[in-house]
Each structure stands twice: as C-alpha cells, then as structure tokens.
>>> print(open('query.pdb').read())   # PDB, C-alpha atoms and all ligand atoms
MODEL        1
ATOM      1  CA  MET K  22       0.000   0.000   0.000
ATOM      2  CA  ILE K  23       1.429   3.384  -0.972
ATOM      3  CA  ILE K  24       0.492   6.360   1.210
ATOM      4  CA  GLU K  25       0.659   9.783  -0.453
ATOM      5  CA  ARG K  26       0.291  12.803   1.825
ATOM      6  CA  PHE K  27      -0.778  16.226   0.486
ATOM      7  CA  GLU K  28      -0.687  19.631   2.101
ATOM      8  CA  ASP K  29      -4.384  20.164   1.432
ATOM      9  CA  GLU K  30      -7.422  18.891  -0.444
ATOM     10  CA  ASP K  31      -6.740  21.015  -3.542
ATOM     11  CA  ALA K  32      -3.226  19.590  -3.953
ATOM     12  CA  LEU K  33      -4.618  16.069  -3.551
ATOM     13  CA  SER K  34      -7.369  16.661  -6.132
ATOM     14  CA  ALA K  35      -4.907  18.154  -8.628
ATOM     15  CA  ALA K  36      -2.469  15.235  -8.256
ATOM     16  CA  LEU K  37      -5.215  12.652  -8.674
ATOM     17  CA  ALA K  38      -6.621  14.452 -11.728
ATOM     18  CA  THR K  39      -3.138  14.406 -13.266
ATOM     19  CA  PHE K  40      -2.872  10.673 -12.594
ATOM     20  CA  VAL K  41      -6.324   9.955 -14.087
ATOM     21  CA  LEU K  42      -5.691  12.056 -17.198
ATOM     22  CA  GLU K  43      -2.252  10.507 -17.733
ATOM     23  CA  SER K  44      -3.862   7.072 -17.390
ATOM     24  CA  ILE K  45      -6.373   8.008 -20.129
ATOM     25  CA  VAL K  46      -3.614   9.305 -22.409
ATOM     26  CA  LYS K  47      -1.691   6.031 -21.915
ATOM     27  CA  ASN K  48      -4.805   3.901 -22.352
ATOM     28  CA  PRO K  49      -7.598   5.730 -24.230
ATOM     29  CA  ALA K  50      -9.958   2.793 -23.552
ATOM     30  CA  LEU K  51      -9.401   2.983 -19.774
ATOM     31  CA  VAL K  52     -12.125   1.382 -17.640
ATOM     32  CA  LEU K  53     -12.561   3.745 -14.720
ATOM     33  CA  GLY K  54     -14.452   3.070 -11.477
ATOM     34  CA  LEU K  55     -15.843   6.240  -9.895
ATOM     35  CA  PRO K  56     -17.126   7.361  -6.486
ATOM     36  CA  THR K  57     -19.512  10.174  -5.618
ATOM     37  CA  GLY K  58     -19.660  12.154  -2.351
ATOM     38  CA  ARG K  59     -17.925  15.268  -1.078
ATOM     39  CA  THR K  60     -14.317  14.071  -1.310
ATOM     40  CA  PRO K  61     -14.069  13.721  -5.137
ATOM     41  CA  LEU K  62     -15.675  17.119  -5.887
ATOM     42  CA  GLY K  63     -12.233  18.705  -6.329
ATOM     43  CA  LEU K  64     -11.138  15.865  -8.590
ATOM     44  CA  TYR K  65     -14.186  16.287 -10.832
ATOM     45  CA  ARG K  66     -13.640  20.067 -10.924
ATOM     46  CA  GLU K  67     -10.047  19.498 -12.092
ATOM     47  CA  LEU K  68     -11.123  16.881 -14.653
ATOM     48  CA  ARG K  69     -13.781  19.237 -16.072
ATOM     49  CA  GLU K  70     -11.387  22.138 -16.300
ATOM     50  CA  ARG K  71      -8.540  20.175 -17.811
ATOM     51  CA  SER K  72     -10.673  18.218 -20.310
ATOM     52  CA  GLY K  73     -12.229  21.340 -21.875
ATOM     53  CA  GLY K  74     -11.869  22.068 -25.581
ATOM     54  CA  ASN K  75     -11.421  18.342 -26.299
ATOM     55  CA  ARG K  76      -7.972  18.466 -24.690
ATOM     56  CA  ILE K  77      -8.612  14.953 -23.385
ATOM     57  CA  ASP K  78     -10.277  12.312 -25.522
ATOM     58  CA  TRP K  79     -12.890  10.599 -23.347
ATOM     59  CA  SER K  80     -14.635   8.942 -26.294
ATOM     60  CA  GLU K  81     -13.208   5.443 -25.669
ATOM     61  CA  VAL K  82     -13.151   5.584 -21.848
ATOM     62  CA  ARG K  83     -15.696   3.490 -19.950
ATOM     63  CA  THR K  84     -16.886   4.420 -16.487
ATOM     64  CA  PHE K  85     -18.627   2.387 -13.790
ATOM     65  CA  ASN K  86     -19.895   4.164 -10.702
ATOM     66  CA  LEU K  87     -19.723   2.402  -7.369
ATOM     67  CA  ASP K  88     -23.245   2.817  -6.138
ATOM     68  CA  GLU K  89     -26.709   4.330  -6.423
ATOM     69  CA  PHE K  90     -29.716   4.807  -4.143
ATOM     70  CA  ALA K  91     -32.487   2.225  -4.464
ATOM     71  CA  GLY K  92     -35.906   3.436  -5.541
ATOM     72  CA  LEU K  93     -34.673   6.645  -7.172
ATOM     73  CA  ASP K  94     -35.029   7.342 -10.849
ATOM     74  CA  PRO K  95     -31.646   8.278 -12.368
ATOM     75  CA  SER K  96     -33.086  11.743 -13.135
ATOM     76  CA  HIS K  97     -33.977  12.360  -9.433
ATOM     77  CA  ALA K  98     -32.000  15.338  -8.096
ATOM     78  CA  GLY K  99     -30.685  13.233  -5.191
ATOM     79  CA  SER K 100     -29.433  10.349  -7.332
ATOM     80  CA  TYR K 101     -25.750   9.701  -7.781
ATOM     81  CA  ARG K 102     -26.359   9.625 -11.509
ATOM     82  CA  SER K 103     -27.542  13.270 -11.298
ATOM     83  CA  TYR K 104     -24.464  14.113  -9.231
ATOM     84  CA  MET K 105     -22.176  12.579 -11.865
ATOM     85  CA  GLN K 106     -23.990  14.327 -14.724
ATOM     86  CA  ALA K 107     -23.576  17.704 -13.005
ATOM     87  CA  GLU K 108     -20.030  17.220 -11.733
ATOM     88  CA  LEU K 109     -18.437  15.463 -14.706
ATOM     89  CA  PHE K 110     -20.363  13.734 -17.486
ATOM     90  CA  GLU K 111     -22.117  16.859 -18.857
ATOM     91  CA  HIS K 112     -18.752  18.552 -19.215
ATOM     92  CA  ILE K 113     -16.736  15.892 -21.027
ATOM     93  CA  ALA K 114     -17.254  14.235 -24.411
ATOM     94  CA  ILE K 115     -18.026  10.740 -23.149
ATOM     95  CA  PRO K 116     -20.759   8.847 -25.024
ATOM     96  CA  ASP K 117     -23.733   7.935 -22.829
ATOM     97  CA  SER K 118     -23.337   4.300 -23.868
ATOM     98  CA  ARG K 119     -19.934   4.194 -22.170
ATOM     99  CA  ILE K 120     -21.252   5.346 -18.780
ATOM    100  CA  GLY K 121     -22.002   2.387 -16.504
ATOM    101  CA  PHE K 122     -24.423   2.923 -13.627
ATOM    102  CA  LEU K 123     -26.522   0.808 -11.304
ATOM    103  CA  ASN K 124     -30.165   1.713 -11.943
ATOM    104  CA  GLY K 125     -31.828   2.264  -8.577
ATOM    105  CA  ALA K 126     -35.234   2.351 -10.268
ATOM    106  CA  ALA K 127     -34.897  -1.115 -11.840
ATOM    107  CA  GLN K 128     -37.915  -3.391 -11.253
ATOM    108  CA  ASP K 129     -35.766  -6.320 -10.166
ATOM    109  CA  LEU K 130     -32.815  -5.015  -8.146
ATOM    110  CA  ALA K 131     -31.078  -8.416  -7.845
ATOM    111  CA  GLU K 132     -31.215  -8.800 -11.616
ATOM    112  CA  GLU K 133     -29.919  -5.235 -12.026
ATOM    113  CA  CYS K 134     -26.908  -6.107  -9.832
ATOM    114  CA  ARG K 135     -26.166  -9.194 -11.954
ATOM    115  CA  ARG K 136     -26.455  -7.105 -15.123
ATOM    116  CA  TYR K 137     -23.968  -4.614 -13.701
ATOM    117  CA  ASP K 138     -21.358  -7.210 -12.731
ATOM    118  CA  ASP K 139     -21.728  -8.792 -16.194
ATOM    119  CA  ALA K 140     -21.251  -5.386 -17.851
ATOM    120  CA  ILE K 141     -18.051  -4.796 -15.858
ATOM    121  CA  GLU K 142     -16.780  -8.246 -16.807
ATOM    122  CA  GLN K 143     -17.632  -7.709 -20.472
ATOM    123  CA  ALA K 144     -15.709  -4.427 -20.364
ATOM    124  CA  GLY K 145     -12.670  -6.470 -19.338
ATOM    125  CA  GLY K 146     -12.808  -5.468 -15.660
ATOM    126  CA  ILE K 147     -11.932  -2.143 -14.057
ATOM    127  CA  ASP K 148      -8.453  -0.762 -14.776
ATOM    128  CA  LEU K 149      -8.483   2.020 -12.209
ATOM    129  CA  GLN K 150     -10.944   2.128  -9.315
ATOM    130  CA  LEU K 151     -11.212   5.403  -7.399
ATOM    131  CA  LEU K 152     -12.703   5.225  -3.916
ATOM    132  CA  GLY K 153     -13.728   7.482  -1.054
ATOM    133  CA  ILE K 154     -14.152   6.125   2.461
ATOM    134  CA  GLY K 155     -16.922   6.572   5.019
ATOM    135  CA  ALA K 156     -16.047   7.665   8.558
ATOM    136  CA  ASN K 157     -17.200   4.152   9.537
ATOM    137  CA  GLY K 158     -14.769   2.549   7.067
ATOM    138  CA  HIS K 159     -17.267   1.745   4.314
ATOM    139  CA  ILE K 160     -16.252   1.728   0.656
ATOM    140  CA  GLY K 161     -18.976   1.978  -1.936
ATOM    141  CA  PHE K 162     -21.973   1.098   0.229
ATOM    142  CA  ASN K 163     -20.248  -1.902   1.747
ATOM    143  CA  GLU K 164     -21.083  -1.070   5.340
ATOM    144  CA  PRO K 165     -19.355  -2.623   8.388
ATOM    145  CA  ALA K 166     -20.952  -6.025   9.039
ATOM    146  CA  SER K 167     -20.155  -9.550  10.180
ATOM    147  CA  GLY K 168     -20.078 -10.552   6.514
ATOM    148  CA  LEU K 169     -19.614  -8.634   3.274
ATOM    149  CA  CYS K 170     -21.018  -9.308  -0.199
ATOM    150  CA  ALA K 171     -18.589 -10.202  -2.967
ATOM    151  CA  GLN K 172     -20.776  -9.097  -5.868
ATOM    152  CA  SER K 173     -22.951  -6.071  -6.539
ATOM    153  CA  HIS K 174     -25.911  -6.170  -4.188
ATOM    154  CA  VAL K 175     -28.659  -4.254  -2.408
ATOM    155  CA  ALA K 176     -27.290  -2.715   0.810
ATOM    156  CA  GLU K 177     -29.105  -1.431   3.907
ATOM    157  CA  LEU K 178     -27.649   1.969   4.780
ATOM    158  CA  GLU K 179     -26.535   2.845   8.288
ATOM    159  CA  ARG K 180     -28.130   5.928   9.830
ATOM    160  CA  ALA K 181     -24.710   7.667   9.807
ATOM    161  CA  THR K 182     -24.420   7.053   6.067
ATOM    162  CA  ARG K 183     -27.905   8.423   5.451
ATOM    163  CA  GLU K 184     -27.051  11.476   7.582
ATOM    164  CA  ALA K 185     -23.855  12.010   5.583
ATOM    165  CA  ASN K 186     -25.976  12.110   2.391
ATOM    166  CA  ALA K 187     -28.743  14.357   3.757
ATOM    167  CA  ASP K 188     -27.597  17.455   1.860
ATOM    168  CA  ARG K 189     -28.732  15.848  -1.402
ATOM    169  CA  PHE K 190     -32.215  15.455   0.115
ATOM    170  CA  GLY K 191     -32.936  18.928   1.463
ATOM    171  CA  GLY K 192     -30.932  18.319   4.639
ATOM    172  CA  ASP K 193     -33.416  15.687   5.890
ATOM    173  CA  TRP K 194     -31.636  12.395   6.561
ATOM    174  CA  THR K 195     -34.949  10.529   6.813
ATOM    175  CA  ALA K 196     -35.571  11.420   3.133
ATOM    176  CA  VAL K 197     -32.392   9.554   2.145
ATOM    177  CA  PRO K 198     -33.344   6.099   0.856
ATOM    178  CA  GLU K 199     -32.810   3.270   3.340
ATOM    179  CA  ARG K 200     -31.298   1.042   0.695
ATOM    180  CA  ALA K 201     -28.765   1.396  -2.069
ATOM    181  CA  LEU K 202     -27.177  -0.711  -4.789
ATOM    182  CA  SER K 203     -23.438  -1.112  -4.520
ATOM    183  CA  MET K 204     -20.542  -2.873  -6.144
ATOM    184  CA  GLY K 205     -19.391  -5.664  -3.838
ATOM    185  CA  MET K 206     -15.967  -6.257  -2.340
ATOM    186  CA  ALA K 207     -14.846  -8.627  -5.107
ATOM    187  CA  THR K 208     -16.029  -6.217  -7.780
ATOM    188  CA  ILE K 209     -13.839  -3.556  -6.163
ATOM    189  CA  LEU K 210     -10.861  -5.815  -5.361
ATOM    190  CA  HIS K 211     -10.724  -7.190  -8.923
ATOM    191  CA  ALA K 212      -9.755  -3.717 -10.199
ATOM    192  CA  ARG K 213      -6.196  -3.705 -11.525
ATOM    193  CA  ALA K 214      -5.303  -0.589  -9.523
ATOM    194  CA  ILE K 215      -7.112   1.231  -6.728
ATOM    195  CA  VAL K 216      -6.724   4.797  -5.434
ATOM    196  CA  LEU K 217      -8.588   5.738  -2.243
ATOM    197  CA  ILE K 218      -8.877   9.398  -1.291
ATOM    198  CA  ALA K 219      -9.666  10.706   2.185
ATOM    199  CA  THR K 220      -9.756  14.266   3.510
ATOM    200  CA  GLY K 221     -10.658  15.760   6.863
ATOM    201  CA  SER K 222     -10.083  14.633  10.442
ATOM    202  CA  GLU K 223     -13.455  12.836  10.560
ATOM    203  CA  LYS K 224     -11.857  10.197   8.314
ATOM    204  CA  ALA K 225      -8.662   9.843  10.409
ATOM    205  CA  ALA K 226      -9.765   6.814  12.474
ATOM    206  CA  ALA K 227     -11.039   4.953   9.393
ATOM    207  CA  VAL K 228      -7.792   5.706   7.518
ATOM    208  CA  LYS K 229      -5.704   4.467  10.458
ATOM    209  CA  GLY K 230      -7.708   1.245  10.562
ATOM    210  CA  LEU K 231      -7.435   0.821   6.801
ATOM    211  CA  VAL K 232      -3.649   1.303   6.777
ATOM    212  CA  GLU K 233      -2.488  -0.044  10.130
ATOM    213  CA  GLY K 234      -5.299  -2.175  11.505
ATOM    214  CA  MET K 235      -6.216  -5.842  11.143
ATOM    215  CA  ILE K 236      -8.217  -6.921   8.112
ATOM    216  CA  THR K 237     -11.798  -7.010   9.325
ATOM    217  CA  THR K 238     -15.297  -6.810   7.882
ATOM    218  CA  ALA K 239     -15.979  -4.313  10.709
ATOM    219  CA  LEU K 240     -13.908  -1.881   8.600
ATOM    220  CA  PRO K 241     -14.573  -2.889   4.985
ATOM    221  CA  ALA K 242     -11.784  -0.659   3.622
ATOM    222  CA  SER K 243      -9.234  -2.785   5.520
ATOM    223  CA  LEU K 244      -9.766  -5.504   2.888
ATOM    224  CA  LEU K 245      -7.815  -3.280   0.501
ATOM    225  CA  GLN K 246      -4.684  -4.473   2.349
ATOM    226  CA  VAL K 247      -4.849  -7.708   0.332
ATOM    227  CA  HIS K 248      -4.718  -5.851  -3.010
ATOM    228  CA  PRO K 249      -1.293  -5.506  -4.674
ATOM    229  CA  ARG K 250      -1.779  -2.019  -6.173
ATOM    230  CA  VAL K 251      -3.456   0.358  -3.763
ATOM    231  CA  THR K 252      -2.592   4.008  -3.215
ATOM    232  CA  ILE K 253      -4.096   5.991  -0.356
ATOM    233  CA  MET K 254      -4.096   9.776  -0.871
ATOM    234  CA  VAL K 255      -4.666  11.819   2.277
ATOM    235  CA  ASP K 256      -4.653  15.413   3.507
ATOM    236  CA  PRO K 257      -3.252  16.279   6.959
ATOM    237  CA  GLY K 258      -6.648  15.832   8.635
ATOM    238  CA  ALA K 259      -7.224  12.307   7.321
ATOM    239  CA  ALA K 260      -3.568  11.389   8.002
ATOM    240  CA  GLY K 261      -3.797  12.735  11.550
ATOM    241  CA  LEU K 262      -3.744   9.378  13.341
ATOM    242  CA  LEU K 263      -1.244   7.565  11.082
ATOM    243  CA  SER K 264       2.116   6.538  12.551
ATOM    244  CA  ASP K 265       5.010   8.371  10.864
TER     245      ASP K 265
HETATM  246  C1  LIG K 301     -20.040   7.097  -2.840
HETATM  247  C2  LIG K 301     -19.258   6.084  -2.105
HETATM  248  C3  LIG K 301     -19.046   6.257  -0.640
HETATM  249  C4  LIG K 301     -18.248   7.534  -0.337
HETATM  250  C5  LIG K 301     -18.038   7.695   1.161
HETATM  251  C6  LIG K 301     -17.333   8.989   1.489
HETATM  252  O1  LIG K 301     -20.117   6.742  -4.197
HETATM  253  O2  LIG K 301     -18.826   5.136  -2.681
HETATM  254  O3  LIG K 301     -18.369   5.142  -0.121
HETATM  255  O4  LIG K 301     -17.020   7.473  -0.994
HETATM  256  O5  LIG K 301     -19.254   7.653   1.825
HETATM  257  O6  LIG K 301     -18.180  10.051   1.164
HETATM  258  P1  LIG K 301     -17.703  11.572   1.270
HETATM  259  O7  LIG K 301     -16.678  11.758   0.232
HETATM  260  O8  LIG K 301     -18.947  12.360   1.011
HETATM  261  O9  LIG K 301     -17.175  11.755   2.659
ENDMDL
END
>>> encode(input="query.pdb", output="structure tokens", more="lines below")
Ligand code: F6R
Amino acid sequence: MIIERFEDEDALSAALATFVLESIVKNPALVLGLPTGRTPLGLYRELRERSGGNRIDWSEVRTFNLDEFAGLDPSHAGSYRSYMQAELFEHIAIPDSRIGFLNGAAQDLAEECRRYDDAIEQAGGIDLQLLGIGANGHIGFNEPASGLCAQSHVAELERATREANADRFGGDWTAVPERALSMGMATILHARAIVLIATGSEKAAAVKGLVEGMITTALPASLLQVHPRVTIMVDPGAAGLLSD
C-alpha cells in the first residue's frame, strides 16, 4: 500500500486528476471506477477544467460508478447519476453508452446487480478504481458487518451514512433512501489498480484502521490491504492518526 500525503485537499485533487488524465492518455480505452460524495468534488472540478476544448479524448473511456440509491429514478436530483452528470459527465465528451451505472429504479434489483457485474466483466474489468471512504470505514456502500457481499448487491444503509448524504435530500436524513445498490468487495478488489482518497479529520480513524489495523469486515476498507496495487491519498486531517 502506498500512502501519499498532500498539504491540502486542492493539492490532492490536482495530483489525482493528473494521474487519471495521464492514465487516459496512456490507455484511451481505460475502464474507470468512480465514487460520488464530497471528497471527489475537487477531482471532478479538475477533470472538467482540464478536459475542456477536447484536450482529453474521453470517447473510448468506460466508467462504472460504485453505487446508487435504491428506488430513485436516475433523473432524481438526489441520485448519484444526477451528481455525476452535473459534476463530470455533462462537461466531457463521453458517449452515454460508455457510462455504466446501477439503476436504482430497476424493477428487479437483484437482476440489475447481476447485469452490472456482467457489464463490468464484459468491459474487461476495471483498470483504475477510485474510492472514497466513510467515517465508519465503508467503501462503496459496503457497510461494516459480520459478513460482506462479494458481488454487486442491495445494501441497507446505516443511519450515519444516510445522515452524511442528507444534503442531497434537502438536509433531511430521513428522506435519504434506506437502501442502495453497490458494487461488492470482489467487484472492487478485482480492479487492476485502486486509489482511495480521504480528507478531513473525521476520516482519520477509518484511515488508520485501513492502513495499520487488522483486516476485518468491521472496517470494509481494511480488505484493501490484500490488493497488490493500492494508493491511499490523504490530507493532513485524514492522516492525523497515522504513525510516521
Ligand atoms: C459514494 C461512495 C461512498 C463515499 C463515502 C465517502 O459513491 O462510494 O463510499 O465514498 O461515503 O463520502 P464523502 O466523500 O462524502 O465523505
């Protein structure tokens, strides 16, 4: 596991954007796994700004987002699909057909999860998976539990996770769906390379557990320790509890 420390969130976002764009230049058909949330907002800002005027060719890239709320139409303002449209997809020349997303409004959610895992496999697997981390150590919506799902699945969200997403639902955490669809641990761990980003002191305990703790389903991110190509990018707040 490589730990990269940055002086602040902006420096982290800029460095990750450089890495992503260089990866696309090296491999124009890159298969990219993407997170939503607060942490990658700076990354998406950098990607938008630096892709403008067709400076980066996104036409062959494929993306697969980690998760989506169950029961929400993709066009719902609170959906992660809407977030991605606003933060990145509307601003880059990526064909709609190359954007992979779990459909939270699918009739049969189990079937939708199977479809998604098949689509990732047919794309040849994920080359570069970007991740955030919950303060409770979740990645995607793989919440701490006595057992974790390998494949994409329907997840029950913890209250803390719903509270963390309340701003997309008018500040009311009870309006946040109770369930979500998420890539599973195997889906994530099969990626050829993984970069996890964490900023702010509220993530410090989770980052310490992920880097220095035992592998445990009580902190799903700790499973990343078994992966051969993981980079953790942190600001001083998130690195606050790491040993030197
Ligand atoms: C969202 C996702 C989540 C977030 C995590 C951190 O697609 O996969 O695991 O990465 O909840 O969220 P923020 O960045 O809002 O603190």
>>> residues_near_ligand(input="query.pdb", ligand="ligand LIG 301 (chain K)", cutoff="10 Å", atoms="all atoms listed in the file", output="ChimeraX atom specification")
/K:54-62,86-90,101,104-105,151-164,181-183,185-186,203-204,217-221,223-224,242
>>> resolve_selection(input="query.pdb", expression="the PyMOL selection byres (((chain K and resi 46) around 12) and not hetatm)", output="ChimeraX atom specification")
/K:39-45,47-51,72,76-82
>>> residues_around(input="query.pdb", residues="Glu111 (chain K)", least_positions_apart="4", cutoff="12 Å", atoms="only C-alpha atoms", output="ChimeraX atom specification")
/K:65,68-69,72-73,102-107,115-117,120
>>> write_last_selection(input="query.pdb", atoms="C-alpha atoms", output="mmCIF file, in the frame of the given file")
data_model
loop_
_atom_site.group_PDB
_atom_site.id
_atom_site.type_symbol
_atom_site.label_atom_id
_atom_site.label_comp_id
_atom_site.auth_asym_id
_atom_site.auth_seq_id
_atom_site.Cartn_x
_atom_site.Cartn_y
_atom_site.Cartn_z
ATOM 1 C CA TYR K 65 -14.186 16.287 -10.832
ATOM 2 C CA LEU K 68 -11.123 16.881 -14.653
ATOM 3 C CA ARG K 69 -13.781 19.237 -16.072
ATOM 4 C CA SER K 72 -10.673 18.218 -20.310
ATOM 5 C CA GLY K 73 -12.229 21.340 -21.875
ATOM 6 C CA ARG K 102 -26.359 9.625 -11.509
ATOM 7 C CA SER K 103 -27.542 13.270 -11.298
ATOM 8 C CA TYR K 104 -24.464 14.113 -9.231
ATOM 9 C CA MET K 105 -22.176 12.579 -11.865
ATOM 10 C CA GLN K 106 -23.990 14.327 -14.724
ATOM 11 C CA ALA K 107 -23.576 17.704 -13.005
ATOM 12 C CA ILE K 115 -18.026 10.740 -23.149
ATOM 13 C CA PRO K 116 -20.759 8.847 -25.024
ATOM 14 C CA ASP K 117 -23.733 7.935 -22.829
ATOM 15 C CA ILE K 120 -21.252 5.346 -18.780
#
>>> closest_residue(input="query.pdb", among="K:Leu64, K:Ile141, K:Leu123, K:Val247", to="Ala32 (chain K)", atoms="only C-alpha atoms")
K:Leu64
>>> resolve_selection(input="query.pdb", expression="the PyMOL selection byres (((chain K and resi 239) around 10) and not hetatm)", output="compact mmCIF listing (two decimals) with C-alpha atoms, keeping the file's coordinate frame")
# COMPACT_ATOMS: atom_id res chain seq x y z
CA ASN K 157 -17.20 4.15 9.54
CA GLY K 158 -14.77 2.55 7.07
CA HIS K 159 -17.27 1.74 4.31
CA GLU K 164 -21.08 -1.07 5.34
CA PRO K 165 -19.36 -2.62 8.39
CA ALA K 166 -20.95 -6.02 9.04
CA SER K 167 -20.16 -9.55 10.18
CA GLY K 168 -20.08 -10.55 6.51
CA LEU K 169 -19.61 -8.63 3.27
CA GLY K 230 -7.71 1.25 10.56
CA MET K 235 -6.22 -5.84 11.14
CA ILE K 236 -8.22 -6.92 8.11
CA THR K 237 -11.80 -7.01 9.32
CA THR K 238 -15.30 -6.81 7.88
CA LEU K 240 -13.91 -1.88 8.60
CA PRO K 241 -14.57 -2.89 4.99
CA ALA K 242 -11.78 -0.66 3.62
CA SER K 243 -9.23 -2.78 5.52
>>> atom_distance(input="query.pdb", atom1="CA of Leu109 (chain K)", atom2="CA of Pro95 (chain K)")
15.2 Å
>>> residues_around(input="query.pdb", residues="Val52 (chain K)", least_positions_apart="5", cutoff="6 Å", atoms="all atoms listed in the file", output="ChimeraX atom specification")
/K:83-84,147-148
>>> atom_distance(input="query.pdb", atom1="CA of Phe110 (chain K)", atom2="CA of Leu130 (chain K)")
24.4 Å
>>> residues_around(input="query.pdb", residues="Arg136 (chain K)", least_positions_apart="6", cutoff="12 Å", atoms="all atoms listed in the file", output="ChimeraX atom specification")
/K:121-124,127,129-130,142-143,172-174,204
>>> residues_around(input="query.pdb", residues="Gly63 (chain K)", least_positions_apart="4", cutoff="8 Å", atoms="all atoms listed in the file", output="list in words")
Glu30, Asp31, Ser34, Ala35 and Glu67 of chain K
>>> atom_distance(input="query.pdb", atom1="CA of Ile23 (chain K)", atom2="CA of Val216 (chain K)")
9.4 Å
>>> resolve_selection(input="query.pdb", expression="the PyMOL selection byres (((chain K and resi 171) around 6) and not hetatm)", output="list in words")
Cys170, Gln172, Gly205, Met206 and Ala207 of chain K
>>> axis_aligned_box(input="query.pdb", around="region 27-32 of chain K", padding_each_side="8 Å", output="lines of an AutoDock Vina configuration file")
center_x = -4.1
center_y = 18.6
center_z = -0.9
size_x = 22.7
size_y = 20.8
size_z = 22.1
>>> closest_residue(input="query.pdb", among="K:Ala114, K:Leu178, K:Ala131, K:Ile24", to="Ala260 (chain K)", atoms="all atoms listed in the file")
K:Ile24
>>> residues_around(input="query.pdb", residues="Pro249 (chain K)", least_positions_apart="4", cutoff="12 Å", atoms="only C-alpha atoms", output="VMD selection string")
chain K and resid 22 to 23 210 to 216 244 to 245
>>> closest_residue(input="query.pdb", among="K:Glu233, K:Gly191, K:Val228, K:Ser118", to="Met254 (chain K)", atoms="only C-alpha atoms")
K:Val228
